[in-house]
Structures are given as structure tokens and as C-alpha cells.
Amino acid sequence: MINDDEKVRAIFRDNVGRRRRHERWLFGAFAVFVVSVLAASLDRSWAWRPMGWLPFLAWLVTAGLIVLAPPLMCGCCNKTLDKALARYCPECGADAIERPGPHKLAVCDHCASCHRTLTRGRRRSRRWKIRFCTYCGALLDETGV
Ligand SMILES: [Zn+2]
Ligand SMILES: [Zn+2]
């Protein structure tokens with residue numbers, strides 16, 4: 001059992017490492033895009049013509065990297081964890097998520113065990129850390145991702 005838990009956590013660490021590397025590339029491509037657009041708008045005479053393809057290419061790479069971002073997967077049940085909120089609280093692992101029903105005053109998902117509000121930000125980005133798998137409750141990372 002302990003070995004299994006270790007394996008699940010190792011798989012998740014692998015996932016996180018891949019995602020981090022991916023985000024570095026994404027940041028790099030976006031930086032190239034910003035710098036090339038700035039250079040092109042500051043000095044059209046020399047920069048824009050030979051470098052005209054660069055902002056476009058950098059933008060394409062950035063968009064491609066966003067689309068192709070490697071998902072964070074649970075090593076136990078193989079479900080994608082990134083944006084979903086299922087049965088278990090990703091912060092404390094408790095089966096205690098309260099959903100905002102039509103008759104409740106709460107406006108967002110909330111954990112009755114650790115009292116964290118599990119909100120999504122704009123563009124559905126997640127605002128909580130992943131410590132536990134929200135689908136099967138497996139411990140994935142003690143510190144949280
Ligand atoms: Zn799982
Ligand atoms: Zn919780």
C-alpha cells in the first residue's frame with residue numbers, strides 16, 4: 001500500500017515537472033512575442049520588415065503551447081485534475097465539498113472540512129492547490145501544486 005502511494009505521488013511529480021517545463025517555454029514564446037511587437041512598433045524602418053514574421057510566429061507558438069499544455073493527471077485514477085472539482089476537496093482530501101445550490105446563499109464551492117473557498121478565477125483558472133485527487137481522494141503532493 002505504501003509503495004502504491006509512493007508511486008501515485010511520483011507520477012504526479014512527473015506531471016508537475018512536465019507542466020513546469022512547458023510553462024517556461026510558454027513564457028519564453030510570449031516574451032519573444034512582446035519584445036518583437038515592441039521592437040516593431042518602436043522602429044518600423046529596420047525592425048518590422050526583416051522581423052515581420054517574428055511576432056506572428058511567436059504568437060502562433062504561444063497559442064499552440066497553451067492548447068497543448070500537458071494535463072495534470074492523477075496517478076491513481078488517471079483523471080485530469082487541472083480545472084475540475086469533483087467529489088473530494090483538493091486541499092484537504094475530505095469528502096465535504098458544498099456546492100452553491102439555487103437555494104443557498106453561497107456563491108462558490110466551499111469545503112466544509114477545511115473551510116476553503118474553492119473558486120475559479122476568470123477564464124476558469126483554478127484558485128486552489130492540488131494536494132489530493134478530487135476524483136478518488138488519493139494524496140498527490142503534500143505541499144500542493
Ligand atoms: Zn485520482
Ligand atoms: Zn477541504
# chains A, B, ... in the order shown; residues from 1 in each chain; ligands from 1

call {"tool": "residues_around", "arguments": {"residues": "Asp4 (chain A)", "least_positions_apart": "2", "cutoff": "12 Å", "atoms": "only C-alpha atoms", "output": "ChimeraX atom specification"}}
result
/A:1-2,6-11,75-76,138-140

call {"tool": "residues_near_ligand", "arguments": {"ligand": "ligand 1", "cutoff": "8 Å", "atoms": "only C-alpha atoms and all ligand atoms", "output": "VMD selection string"}}
result
chain A and resid 73 to 79 132 to 138

call {"tool": "closest_residue", "arguments": {"among": "A:Arg116, A:Arg87, A:Arg24, A:His110", "to": "Lys129 (chain A)", "atoms": "only C-alpha atoms"}}
result
A:Arg116

call {"tool": "residues_near_ligand", "arguments": {"ligand": "ligand 2", "cutoff": "12 Å", "atoms": "only C-alpha atoms and all ligand atoms", "output": "PyMOL selection string"}}
result
chain A and resi 85+87-98+109-118+128-134+137

call {"tool": "residues_around", "arguments": {"residues": "Phe30 (chain A)", "least_positions_apart": "4", "cutoff": "7 Å", "atoms": "only C-alpha atoms", "output": "VMD selection string"}}
result
chain A and resid 26 34 58 to 59 62

call {"tool": "residues_around", "arguments": {"residues": "Val61 (chain A)", "least_positions_apart": "3", "cutoff": "10 Å", "atoms": "only C-alpha atoms", "output": "list of chain:residue names"}}
result
A:Trp25, A:Leu26, A:Gly28, A:Ala29, A:Phe30, A:Phe33, A:Pro55, A:Phe56, A:Leu57, A:Ala58, A:Gly64, A:Leu65, A:Ile66, A:Val67

call {"tool": "write_last_selection", "arguments": {"atoms": "N, CA and C atoms", "output": "short mmCIF file (atom, residue, chain, number, x, y, z; two decimals), in the first residue's frame"}}
result
data_model
loop_
_atom_site.label_atom_id
_atom_site.label_comp_id
_atom_site.auth_asym_id
_atom_site.auth_seq_id
_atom_site.Cartn_x
_atom_site.Cartn_y
_atom_site.Cartn_z
N TRP A 25 8.66 27.31 -21.44
CA TRP A 25 8.64 27.51 -22.89
C TRP A 25 7.55 28.52 -23.28
N LEU A 26 6.40 28.38 -22.67
CA LEU A 26 5.28 29.27 -22.94
C LEU A 26 5.64 30.71 -22.61
N GLY A 28 8.64 31.95 -22.43
CA GLY A 28 9.66 32.38 -23.38
C GLY A 28 9.05 32.83 -24.70
N ALA A 29 8.12 32.03 -25.22
CA ALA A 29 7.49 32.37 -26.50
C ALA A 29 6.70 33.67 -26.38
N PHE A 30 6.02 33.84 -25.25
CA PHE A 30 5.24 35.05 -25.05
C PHE A 30 6.16 36.27 -24.93
N PHE A 33 7.25 37.28 -28.27
CA PHE A 33 6.14 37.98 -28.92
C PHE A 33 6.09 39.45 -28.48
N PRO A 55 6.69 38.33 -34.68
CA PRO A 55 5.56 38.39 -33.74
C PRO A 55 4.49 37.36 -34.08
N PHE A 56 4.25 37.19 -35.36
CA PHE A 56 3.23 36.24 -35.80
C PHE A 56 3.61 34.82 -35.38
N LEU A 57 4.88 34.49 -35.65
CA LEU A 57 5.35 33.15 -35.30
C LEU A 57 5.32 32.93 -33.79
N ALA A 58 5.78 33.94 -33.05
CA ALA A 58 5.82 33.82 -31.58
C ALA A 58 4.40 33.67 -31.04
N GLY A 64 -0.17 27.77 -29.54
CA GLY A 64 -0.02 26.33 -29.64
C GLY A 64 0.35 25.71 -28.31
N LEU A 65 1.26 26.37 -27.58
CA LEU A 65 1.70 25.84 -26.29
C LEU A 65 0.56 25.87 -25.26
N ILE A 66 -0.30 26.91 -25.36
CA ILE A 66 -1.45 26.96 -24.44
C ILE A 66 -2.37 25.78 -24.71
N VAL A 67 -2.63 25.54 -26.00
CA VAL A 67 -3.54 24.45 -26.37
C VAL A 67 -2.95 23.10 -25.98
#

call {"tool": "closest_residue", "arguments": {"among": "A:Gly52, A:Pro71, A:Gly17, A:Gly144", "to": "Ala84 (chain A)", "atoms": "only C-alpha atoms"}}
result
A:Pro71
